[in-house]
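File shown: target-v4.csv (CSV, C-alpha atoms and all ligand atoms).
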```
chain,number,residue,atom,x,y,z
W,1,MET,CA,-24.2,-44.9,-31.2
W,2,ARG,CA,-20.6,-46.1,-30.9
W,3,THR,CA,-17.5,-44.0,-30.0
W,4,SER,CA,-15.8,-45.5,-33.0
W,5,SER,CA,-18.3,-43.7,-35.2
W,6,ILE,CA,-17.1,-40.3,-33.9
W,7,HIS,CA,-14.4,-38.5,-35.9
W,8,TYR,CA,-12.7,-35.1,-35.5
W,9,THR,CA,-11.2,-32.3,-37.4
W,10,ILE,CA,-9.0,-29.3,-36.5
W,11,ALA,CA,-9.6,-27.8,-39.9
W,12,PRO,CA,-13.3,-27.3,-40.2
W,13,ASN,CA,-14.7,-25.8,-43.4
W,14,ASP,CA,-17.1,-22.8,-43.3
W,15,GLU,CA,-20.2,-25.0,-43.2
W,16,GLN,CA,-18.8,-27.1,-40.4
W,17,LEU,CA,-17.8,-23.9,-38.5
W,18,ALA,CA,-21.4,-22.6,-38.8
W,19,ALA,CA,-22.9,-25.8,-37.5
W,20,ALA,CA,-20.4,-25.8,-34.6
W,21,ALA,CA,-21.3,-22.2,-33.8
W,22,ASP,CA,-25.0,-23.2,-33.9
W,23,LEU,CA,-24.2,-26.0,-31.4
W,24,ILE,CA,-22.5,-23.5,-29.1
W,25,ASP,CA,-25.5,-21.2,-29.2
W,26,TYR,CA,-27.9,-24.2,-28.7
W,27,GLY,CA,-26.1,-26.0,-25.9
W,28,GLY,CA,-23.4,-23.9,-24.5
W,29,GLN,CA,-23.1,-21.9,-21.3
W,30,LEU,CA,-22.7,-18.5,-22.8
W,31,ALA,CA,-24.5,-15.6,-21.2
W,32,GLU,CA,-25.0,-14.0,-24.7
W,33,LYS,CA,-25.3,-15.2,-28.2
W,34,LEU,CA,-21.9,-16.4,-29.6
W,35,ASP,CA,-19.8,-13.7,-31.3
W,36,ARG,CA,-19.0,-15.8,-34.4
W,37,TYR,CA,-16.3,-13.6,-35.6
W,38,ARG,CA,-14.4,-14.0,-32.4
W,39,PHE,CA,-15.0,-17.7,-32.3
W,40,GLN,CA,-13.4,-18.0,-35.8
W,41,GLN,CA,-10.4,-16.1,-34.5
W,42,SER,CA,-9.6,-19.0,-32.1
W,43,SER,CA,-6.1,-20.4,-32.3
W,44,VAL,CA,-7.5,-24.0,-32.2
W,45,ILE,CA,-11.0,-25.2,-33.1
W,46,VAL,CA,-11.7,-29.0,-32.8
W,47,VAL,CA,-15.0,-30.3,-34.2
W,48,ALA,CA,-16.5,-33.7,-33.5
W,49,PHE,CA,-18.8,-35.4,-36.0
W,50,GLU,CA,-20.9,-38.5,-36.3
W,51,ASP,CA,-21.1,-38.9,-40.1
W,52,ALA,CA,-21.7,-35.3,-41.3
W,53,LYS,CA,-23.4,-34.2,-38.1
W,54,VAL,CA,-21.5,-31.9,-35.8
W,55,VAL,CA,-21.9,-33.4,-32.3
W,56,GLY,CA,-19.2,-31.5,-30.4
W,57,VAL,CA,-17.0,-28.5,-30.6
W,58,ALA,CA,-14.2,-26.8,-28.5
W,59,ALA,CA,-11.7,-24.1,-29.0
W,60,VAL,CA,-8.6,-22.4,-27.7
W,61,LYS,CA,-9.3,-18.8,-27.9
W,62,ARG,CA,-7.0,-16.3,-29.6
W,63,ARG,CA,-3.7,-16.4,-27.9
W,64,ARG,CA,-2.4,-13.6,-25.7
W,65,GLY,CA,1.4,-13.9,-26.0
W,66,ASP,CA,2.3,-17.5,-25.0
W,67,ALA,CA,-1.0,-18.0,-23.1
W,68,ALA,CA,-4.6,-18.7,-24.2
W,69,GLU,CA,-8.0,-19.5,-22.7
W,70,THR,CA,-9.8,-22.7,-23.6
W,71,GLY,CA,-13.5,-22.3,-24.2
W,72,TYR,CA,-16.5,-22.8,-26.5
W,73,LEU,CA,-16.9,-26.4,-25.3
W,74,VAL,CA,-20.1,-28.2,-26.0
W,75,VAL,CA,-21.0,-31.8,-26.7
W,76,HIS,CA,-24.5,-32.4,-28.1
W,77,LYS,CA,-26.7,-33.7,-25.3
W,78,ASN,CA,-27.4,-37.1,-27.0
W,79,TYR,CA,-23.7,-37.7,-27.3
W,80,ARG,CA,-22.5,-37.0,-23.7
W,81,ARG,CA,-20.5,-39.2,-21.4
W,82,ILE,CA,-18.8,-41.3,-24.1
W,83,GLY,CA,-15.5,-39.5,-24.0
W,84,ILE,CA,-16.0,-36.8,-26.6
W,85,GLY,CA,-15.5,-33.9,-24.2
W,86,ASN,CA,-12.3,-35.5,-22.9
W,87,TYR,CA,-10.9,-36.0,-26.4
W,88,LEU,CA,-11.8,-32.4,-27.3
W,89,LEU,CA,-9.8,-31.2,-24.3
W,90,THR,CA,-6.8,-33.4,-24.7
W,91,ARG,CA,-6.6,-32.6,-28.4
W,92,ARG,CA,-6.7,-28.8,-27.6
W,93,ILE,CA,-3.8,-29.3,-25.1
W,94,GLU,CA,-1.8,-31.2,-27.8
W,95,GLU,CA,-2.5,-28.6,-30.5
W,96,SER,CA,-1.6,-25.7,-28.1
W,97,ARG,CA,1.7,-27.3,-27.4
W,98,LYS,CA,2.4,-27.7,-31.1
W,99,GLN,CA,1.7,-24.0,-31.5
W,100,GLY,CA,4.3,-23.1,-28.9
W,101,LEU,CA,1.9,-22.0,-26.2
W,102,ALA,CA,3.2,-22.2,-22.6
W,103,PHE,CA,0.1,-21.8,-20.6
W,104,LEU,CA,-3.7,-22.5,-20.8
W,105,TYR,CA,-6.4,-21.3,-18.5
W,106,THR,CA,-10.1,-21.4,-18.3
W,107,ASN,CA,-13.1,-20.6,-16.1
W,108,VAL,CA,-16.4,-22.3,-15.6
W,109,ARG,CA,-19.4,-22.0,-13.3
W,110,ALA,CA,-18.6,-23.7,-10.0
W,111,MET,CA,-21.8,-25.7,-10.3
W,112,ASN,CA,-20.8,-27.2,-13.7
W,113,GLU,CA,-19.8,-30.6,-12.4
W,114,GLU,CA,-19.4,-32.2,-15.8
W,115,SER,CA,-17.1,-29.6,-17.1
W,116,ILE,CA,-15.1,-29.5,-13.9
W,117,GLY,CA,-14.8,-33.3,-13.9
W,118,ASN,CA,-13.6,-33.1,-17.5
W,119,LEU,CA,-11.0,-30.5,-16.7
W,120,LYS,CA,-9.6,-32.4,-13.7
W,121,LYS,CA,-9.5,-35.6,-15.6
W,122,SER,CA,-7.3,-34.0,-18.3
W,123,GLY,CA,-4.9,-32.6,-15.7
W,124,PHE,CA,-6.2,-29.0,-15.4
W,125,GLN,CA,-5.4,-27.6,-11.9
W,126,PHE,CA,-7.8,-25.7,-9.7
W,127,TRP,CA,-6.8,-22.1,-8.9
W,128,GLY,CA,-9.8,-20.7,-7.0
W,129,ASN,CA,-13.4,-19.6,-6.9
W,130,PHE,CA,-14.4,-16.0,-7.6
W,131,ILE,CA,-17.6,-14.0,-7.9
W,132,SER,CA,-18.5,-13.5,-11.5
W,133,ARG,CA,-17.1,-10.2,-12.8
W,134,TYR,CA,-20.2,-9.8,-15.0
W,135,GLY,CA,-22.4,-9.0,-12.0
W,136,THR,CA,-24.3,-12.3,-12.2
W,137,PRO,CA,-24.8,-14.4,-9.1
W,138,HIS,CA,-22.6,-17.2,-10.3
W,139,ILE,CA,-19.5,-18.4,-8.6
W,140,ILE,CA,-16.8,-19.0,-11.2
W,141,SER,CA,-14.0,-21.6,-10.8
W,142,TRP,CA,-10.7,-20.9,-12.5
W,143,PHE,CA,-8.3,-23.6,-13.7
W,144,PHE,CA,-4.9,-23.7,-15.4
W,145,TYR,CA,-2.7,-26.0,-17.3
W,146,PRO,CA,1.0,-25.3,-17.7
W,147,LEU,CA,2.3,-26.6,-21.0
W,148,ILE,CA,6.0,-26.2,-20.1
W,149,ASP,CA,7.8,-26.7,-16.8
W,150,GLN,CA,9.2,-23.2,-16.4
W,151,VAL,CA,6.0,-21.3,-16.4
W,152,ASP,CA,5.2,-19.3,-13.3
W,153,PHE,CA,1.5,-20.3,-13.0
W,154,HIS,CA,1.1,-18.6,-9.7
W,155,ALA,CA,2.0,-15.2,-11.1
W,156,ARG,CA,0.0,-15.7,-14.2
W,157,MET,CA,-3.2,-16.7,-12.4
W,158,LYS,CA,-2.8,-13.8,-10.0
W,159,VAL,CA,-2.8,-11.4,-12.9
W,160,LEU,CA,-5.8,-13.1,-14.6
W,161,THR,CA,-7.9,-13.1,-11.5
W,162,ASP,CA,-6.7,-9.7,-10.2
W,163,GLY,CA,-9.4,-7.6,-8.7
W,164,MET,CA,-11.9,-10.4,-8.5
W,165,LYS,CA,-13.6,-11.2,-5.2
W,166,SER,CA,-12.4,-14.6,-4.0
W,167,VAL,CA,-14.9,-17.1,-2.5
W,168,THR,CA,-13.7,-19.8,0.0
W,201,LIG,C1,-19.0,-30.7,-20.2
W,201,LIG,C2,-19.2,-31.5,-21.4
W,201,LIG,C3,-18.5,-30.9,-22.6
W,201,LIG,C4,-18.6,-32.9,-21.2
W,201,LIG,O1,-18.6,-33.6,-22.4
W,201,LIG,P1,-18.7,-35.2,-22.4
W,201,LIG,O2,-18.4,-35.6,-23.8
W,201,LIG,O3,-20.0,-35.7,-21.9
W,201,LIG,O4,-17.5,-35.6,-21.5
W,201,LIG,P2,-16.8,-37.1,-21.4
W,201,LIG,O5,-17.7,-38.2,-21.7
W,201,LIG,O6,-15.5,-37.0,-22.2
W,201,LIG,O7,-16.4,-37.1,-19.9
W,201,LIG,C5,-15.1,-36.7,-19.4
W,201,LIG,C6,-15.1,-36.6,-17.9
W,201,LIG,O8,-15.9,-35.4,-17.6
W,201,LIG,C7,-16.6,-35.7,-16.3
W,201,LIG,N1,-18.0,-35.7,-16.6
W,201,LIG,C8,-18.7,-35.7,-17.8
W,201,LIG,N2,-20.0,-35.6,-17.5
W,201,LIG,C9,-20.2,-35.6,-16.2
W,201,LIG,C10,-21.4,-35.6,-15.4
W,201,LIG,N3,-22.6,-35.5,-15.9
W,201,LIG,N4,-21.2,-35.5,-14.1
W,201,LIG,C11,-20.0,-35.6,-13.5
W,201,LIG,N5,-18.8,-35.6,-14.2
W,201,LIG,C12,-18.9,-35.7,-15.6
W,201,LIG,C13,-16.1,-37.1,-15.9
W,201,LIG,O9,-14.9,-36.9,-15.1
W,201,LIG,C14,-15.8,-37.7,-17.2
W,201,LIG,O10,-14.9,-38.8,-17.1
W,201,LIG,P3,-15.5,-40.3,-16.8
W,201,LIG,O11,-16.6,-40.5,-17.8
W,201,LIG,O12,-14.3,-41.2,-16.9
W,201,LIG,O13,-16.0,-40.2,-15.4
W,201,LIG,C15,-20.7,-31.7,-21.7
W,201,LIG,O14,-21.3,-32.1,-20.5
W,201,LIG,C16,-21.4,-30.4,-22.2
W,201,LIG,O15,-21.4,-30.2,-23.4
W,201,LIG,N6,-22.0,-29.7,-21.2
W,201,LIG,C17,-22.7,-28.4,-21.6
W,201,LIG,C18,-21.8,-27.3,-22.1
W,201,LIG,C19,-20.8,-27.0,-21.0
W,201,LIG,O16,-21.0,-27.1,-19.8
W,201,LIG,N7,-19.6,-26.6,-21.5
W,201,LIG,C20,-18.5,-26.1,-20.7
W,201,LIG,C21,-18.8,-24.7,-20.3
W,201,LIG,S1,-17.3,-23.9,-19.8
```

For this file, produce the structure as structure tokens.
Ligand SMILES: CC(C)(COP(=O)(O)OP(=O)(O)OC[C@H]1O[C@@H](n2cnc3c(N)ncnc32)[C@H](O)[C@@H]1OP(=O)(O)O)[C@@H](O)C(=O)NCCC(=O)NCCS
Amino acid sequence: MRTSSIHYTIAPNDEQLAAAADLIDYGGQLAEKLDRYRFQQSSVIVVAFEDAKVVGVAAVKRRRGDAAETGYLVVHKNYRRIGIGNYLLTRRIEESRKQGLAFLYTNVRAMNEESIGNLKKSGFQFWGNFISRYGTPHIISWFFYPLIDQVDFHARMKVLTDGMKSVT
């Protein structure tokens, strides 16, 4: 398989969205089955294909004012480490900027080295580690990406992680 055989869309049709949702359920890190309605409410969805086969998906969730959370990222296990995850992240940053968003944030299990490596490579900054608010034993790492210079990322991340138990 060659990277040149991979193509992308930010306007998936219903069938492609369903296949992308299946991939999230199959290979994602969600604690529960995907809420497909919420997934489809995302402000950006990028889908990667090889021919007609969906091999990767990622989204920027529904915006909250000028901020939004990136999520729903999965690359099919046979297609990893060839740059698809990196493209899916940088494309989401680009599309978020076009939509006038000022701030992106995300959280990921602290042990998820591949996802954390991907975030850092694309310029996401580490905010801190916190105990999962869902009562699971996982430590969750929070990251952010300001899309404009003027954004007070400190204040925003404090609000987002307010009340969570910090882990050093
Ligand atoms: C995380 C994930 C999307 C990365 O996708 P990918 O297409 O393999 O990523 P890329 O090939 O674009 O790699 C981008 C960077 O991520 C990091 N990375 C990717 N896989 C890695 C691994 N196994 N170990 C360490 N770093 C890794 C590296 O920094 C890499 O850059 P490099 O290849 O120049 O070193 C993929 O591993 C995946 O689908 N994992 C399961 C689902 C998941 O964890 N989703 C995120 C939940 S929040």

Please, which residues have at least one atom within 9 Å of an atom of ligand LIG 201 (chain W), using only C-alpha atoms and all ligand atoms, listed as an MDAnalysis selection string? chainID W and resid 24 27:30 56:58 70:77 79:89 106:109 112:122

Please produce an output containing C-alpha atoms for each residue in the selection, written as an mmCIF file, in the coordinates of the input.
```
data_model
loop_
_atom_site.group_PDB
_atom_site.id
_atom_site.type_symbol
_atom_site.label_atom_id
_atom_site.label_comp_id
_atom_site.auth_asym_id
_atom_site.auth_seq_id
_atom_site.Cartn_x
_atom_site.Cartn_y
_atom_site.Cartn_z
ATOM 1 C CA ILE W 24 -22.500 -23.500 -29.100
ATOM 2 C CA GLY W 27 -26.100 -26.000 -25.900
ATOM 3 C CA GLY W 28 -23.400 -23.900 -24.500
ATOM 4 C CA GLN W 29 -23.100 -21.900 -21.300
ATOM 5 C CA LEU W 30 -22.700 -18.500 -22.800
ATOM 6 C CA GLY W 56 -19.200 -31.500 -30.400
ATOM 7 C CA VAL W 57 -17.000 -28.500 -30.600
ATOM 8 C CA ALA W 58 -14.200 -26.800 -28.500
ATOM 9 C CA THR W 70 -9.800 -22.700 -23.600
ATOM 10 C CA GLY W 71 -13.500 -22.300 -24.200
ATOM 11 C CA TYR W 72 -16.500 -22.800 -26.500
ATOM 12 C CA LEU W 73 -16.900 -26.400 -25.300
ATOM 13 C CA VAL W 74 -20.100 -28.200 -26.000
ATOM 14 C CA VAL W 75 -21.000 -31.800 -26.700
ATOM 15 C CA HIS W 76 -24.500 -32.400 -28.100
ATOM 16 C CA LYS W 77 -26.700 -33.700 -25.300
ATOM 17 C CA TYR W 79 -23.700 -37.700 -27.300
ATOM 18 C CA ARG W 80 -22.500 -37.000 -23.700
ATOM 19 C CA ARG W 81 -20.500 -39.200 -21.400
ATOM 20 C CA ILE W 82 -18.800 -41.300 -24.100
ATOM 21 C CA GLY W 83 -15.500 -39.500 -24.000
ATOM 22 C CA ILE W 84 -16.000 -36.800 -26.600
ATOM 23 C CA GLY W 85 -15.500 -33.900 -24.200
ATOM 24 C CA ASN W 86 -12.300 -35.500 -22.900
ATOM 25 C CA TYR W 87 -10.900 -36.000 -26.400
ATOM 26 C CA LEU W 88 -11.800 -32.400 -27.300
ATOM 27 C CA LEU W 89 -9.800 -31.200 -24.300
ATOM 28 C CA THR W 106 -10.100 -21.400 -18.300
ATOM 29 C CA ASN W 107 -13.100 -20.600 -16.100
ATOM 30 C CA VAL W 108 -16.400 -22.300 -15.600
ATOM 31 C CA ARG W 109 -19.400 -22.000 -13.300
ATOM 32 C CA ASN W 112 -20.800 -27.200 -13.700
ATOM 33 C CA GLU W 113 -19.800 -30.600 -12.400
ATOM 34 C CA GLU W 114 -19.400 -32.200 -15.800
ATOM 35 C CA SER W 115 -17.100 -29.600 -17.100
ATOM 36 C CA ILE W 116 -15.100 -29.500 -13.900
ATOM 37 C CA GLY W 117 -14.800 -33.300 -13.900
ATOM 38 C CA ASN W 118 -13.600 -33.100 -17.500
ATOM 39 C CA LEU W 119 -11.000 -30.500 -16.700
ATOM 40 C CA LYS W 120 -9.600 -32.400 -13.700
ATOM 41 C CA LYS W 121 -9.500 -35.600 -15.600
ATOM 42 C CA SER W 122 -7.300 -34.000 -18.300
#
```

Separation of CA of Ala110 in chain W from CA of Lys61 in chain W in Å: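 Distance reported for this atom pair: 20.8 Å.
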
To one decimal place, how far is CA of Gly65 in chain W from CA of Arg97 in chain W in Å? 13.5 Å

Rank W:Ile131, W:Ala52, W:Ala68, W:Leu104 by their smallest atom-to-atom distance to Val167 in chain W, using all atoms listed in the file, and report the top residue only.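 Closest residue, counting all atoms listed in the file: W:Ile131.
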
Using all atoms listed in the file: which of W:Arg91, W:His7, W:Arg36, W:Arg64 has the shortest distance to Ala20 in chain W: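 Under the stated criterion, the closest residue is W:Arg36.
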
Just to confirm, what's the straight-line distance from CA of Phe49 in chain W to CA of Gly123 in chain W in Å (one decimal)?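 We find that CA of Phe49 in chain W and CA of Gly123 in chain W lie 24.8 Å from each other.
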
Serialized range 108-152 of chain W w/ N, CA and C atoms as a compact mmCIF listing (two decimals), in the first residue's frame:
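This is the output file out.txt:
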```txt
# COMPACT_ATOMS: atom_id res chain seq x y z
N VAL W 108 -6.94 12.60 25.85
CA VAL W 108 -6.60 11.26 25.40
C VAL W 108 -6.00 10.51 26.59
N ARG W 109 -6.17 9.21 26.59
CA ARG W 109 -5.56 8.44 27.68
C ARG W 109 -4.05 8.66 27.69
N ALA W 110 -3.49 8.86 28.88
CA ALA W 110 -2.07 9.20 29.01
C ALA W 110 -1.17 8.09 28.45
N MET W 111 -1.70 6.87 28.37
CA MET W 111 -0.88 5.76 27.86
C MET W 111 -0.94 5.64 26.34
N ASN W 112 -1.75 6.46 25.70
CA ASN W 112 -1.92 6.36 24.24
C ASN W 112 -0.78 7.09 23.53
N GLU W 113 0.37 6.43 23.47
CA GLU W 113 1.59 7.06 22.93
C GLU W 113 1.42 7.51 21.49
N GLU W 114 0.70 6.68 20.69
CA GLU W 114 0.58 7.03 19.26
C GLU W 114 -0.23 8.30 19.07
N SER W 115 -1.30 8.43 19.86
CA SER W 115 -2.13 9.61 19.70
C SER W 115 -1.42 10.85 20.26
N ILE W 116 -0.74 10.68 21.37
CA ILE W 116 -0.01 11.81 21.97
C ILE W 116 1.13 12.24 21.05
N GLY W 117 1.82 11.26 20.45
CA GLY W 117 2.88 11.59 19.49
C GLY W 117 2.32 12.38 18.31
N ASN W 118 1.15 11.95 17.85
CA ASN W 118 0.50 12.62 16.73
C ASN W 118 0.12 14.06 17.09
N LEU W 119 -0.45 14.23 18.29
CA LEU W 119 -0.84 15.58 18.73
C LEU W 119 0.37 16.51 18.81
N LYS W 120 1.44 16.01 19.41
CA LYS W 120 2.64 16.85 19.59
C LYS W 120 3.25 17.20 18.23
N LYS W 121 3.25 16.21 17.34
CA LYS W 121 3.84 16.45 16.02
C LYS W 121 3.10 17.57 15.29
N SER W 122 1.81 17.67 15.53
CA SER W 122 1.01 18.69 14.83
C SER W 122 0.94 20.02 15.59
N GLY W 123 1.65 20.11 16.71
CA GLY W 123 1.73 21.40 17.41
C GLY W 123 0.75 21.56 18.55
N PHE W 124 0.00 20.52 18.90
CA PHE W 124 -0.84 20.61 20.09
C PHE W 124 0.05 20.70 21.33
N GLN W 125 -0.37 21.50 22.30
CA GLN W 125 0.43 21.69 23.52
C GLN W 125 -0.21 20.96 24.69
N PHE W 126 0.64 20.41 25.52
CA PHE W 126 0.18 19.64 26.68
C PHE W 126 -0.28 20.60 27.77
N TRP W 127 -1.45 20.29 28.37
CA TRP W 127 -1.94 21.11 29.47
C TRP W 127 -1.74 20.41 30.82
N GLY W 128 -2.11 19.12 30.91
CA GLY W 128 -1.92 18.43 32.18
C GLY W 128 -2.58 17.06 32.16
N ASN W 129 -2.25 16.28 33.19
CA ASN W 129 -2.85 14.96 33.36
C ASN W 129 -3.87 15.01 34.48
N PHE W 130 -5.00 14.34 34.28
CA PHE W 130 -6.08 14.38 35.25
C PHE W 130 -6.69 12.98 35.38
N ILE W 131 -7.26 12.72 36.55
CA ILE W 131 -8.00 11.47 36.74
C ILE W 131 -9.27 11.54 35.88
N SER W 132 -9.59 10.43 35.24
CA SER W 132 -10.79 10.39 34.40
C SER W 132 -12.03 10.77 35.20
N ARG W 133 -12.86 11.62 34.62
CA ARG W 133 -14.06 12.05 35.33
C ARG W 133 -15.17 11.01 35.23
N TYR W 134 -14.93 9.96 34.45
CA TYR W 134 -15.96 8.92 34.30
C TYR W 134 -15.78 7.79 35.32
N GLY W 135 -14.88 8.03 36.27
CA GLY W 135 -14.71 7.04 37.32
C GLY W 135 -13.91 5.83 36.90
N THR W 136 -13.30 5.86 35.69
CA THR W 136 -12.45 4.76 35.26
C THR W 136 -11.05 5.00 35.84
N PRO W 137 -10.20 3.98 35.84
CA PRO W 137 -8.88 4.18 36.44
C PRO W 137 -7.90 4.92 35.52
N HIS W 138 -8.35 5.37 34.36
CA HIS W 138 -7.43 5.96 33.40
C HIS W 138 -6.99 7.37 33.79
N ILE W 139 -5.73 7.65 33.44
CA ILE W 139 -5.24 9.03 33.55
C ILE W 139 -5.41 9.66 32.17
N ILE W 140 -5.97 10.84 32.15
CA ILE W 140 -6.30 11.49 30.88
C ILE W 140 -5.42 12.72 30.69
N SER W 141 -4.78 12.79 29.53
CA SER W 141 -3.92 13.94 29.20
C SER W 141 -4.71 14.93 28.35
N TRP W 142 -4.66 16.19 28.73
CA TRP W 142 -5.38 17.25 28.01
C TRP W 142 -4.40 18.08 27.19
N PHE W 143 -4.80 18.41 25.97
CA PHE W 143 -3.99 19.18 25.03
C PHE W 143 -4.83 20.31 24.43
N PHE W 144 -4.14 21.33 23.93
CA PHE W 144 -4.86 22.43 23.28
C PHE W 144 -4.07 22.97 22.10
N TYR W 145 -4.80 23.69 21.26
CA TYR W 145 -4.19 24.28 20.06
C TYR W 145 -4.87 25.62 19.79
N PRO W 146 -4.20 26.75 20.12
CA PRO W 146 -4.81 28.05 19.81
C PRO W 146 -4.75 28.30 18.31
N LEU W 147 -5.85 28.74 17.75
CA LEU W 147 -5.88 29.00 16.30
C LEU W 147 -5.64 30.48 15.99
N ILE W 148 -5.72 31.31 17.04
CA ILE W 148 -5.40 32.73 16.88
C ILE W 148 -4.47 33.14 18.02
N ASP W 149 -3.70 34.22 17.83
CA ASP W 149 -2.72 34.63 18.83
C ASP W 149 -3.37 35.12 20.12
N GLN W 150 -4.50 35.77 20.00
CA GLN W 150 -5.07 36.49 21.14
C GLN W 150 -5.78 35.59 22.16
N VAL W 151 -5.89 34.33 21.89
CA VAL W 151 -6.70 33.48 22.76
C VAL W 151 -6.00 33.23 24.11
N ASP W 152 -6.77 33.35 25.22
CA ASP W 152 -6.23 33.12 26.55
C ASP W 152 -6.37 31.61 26.86
```
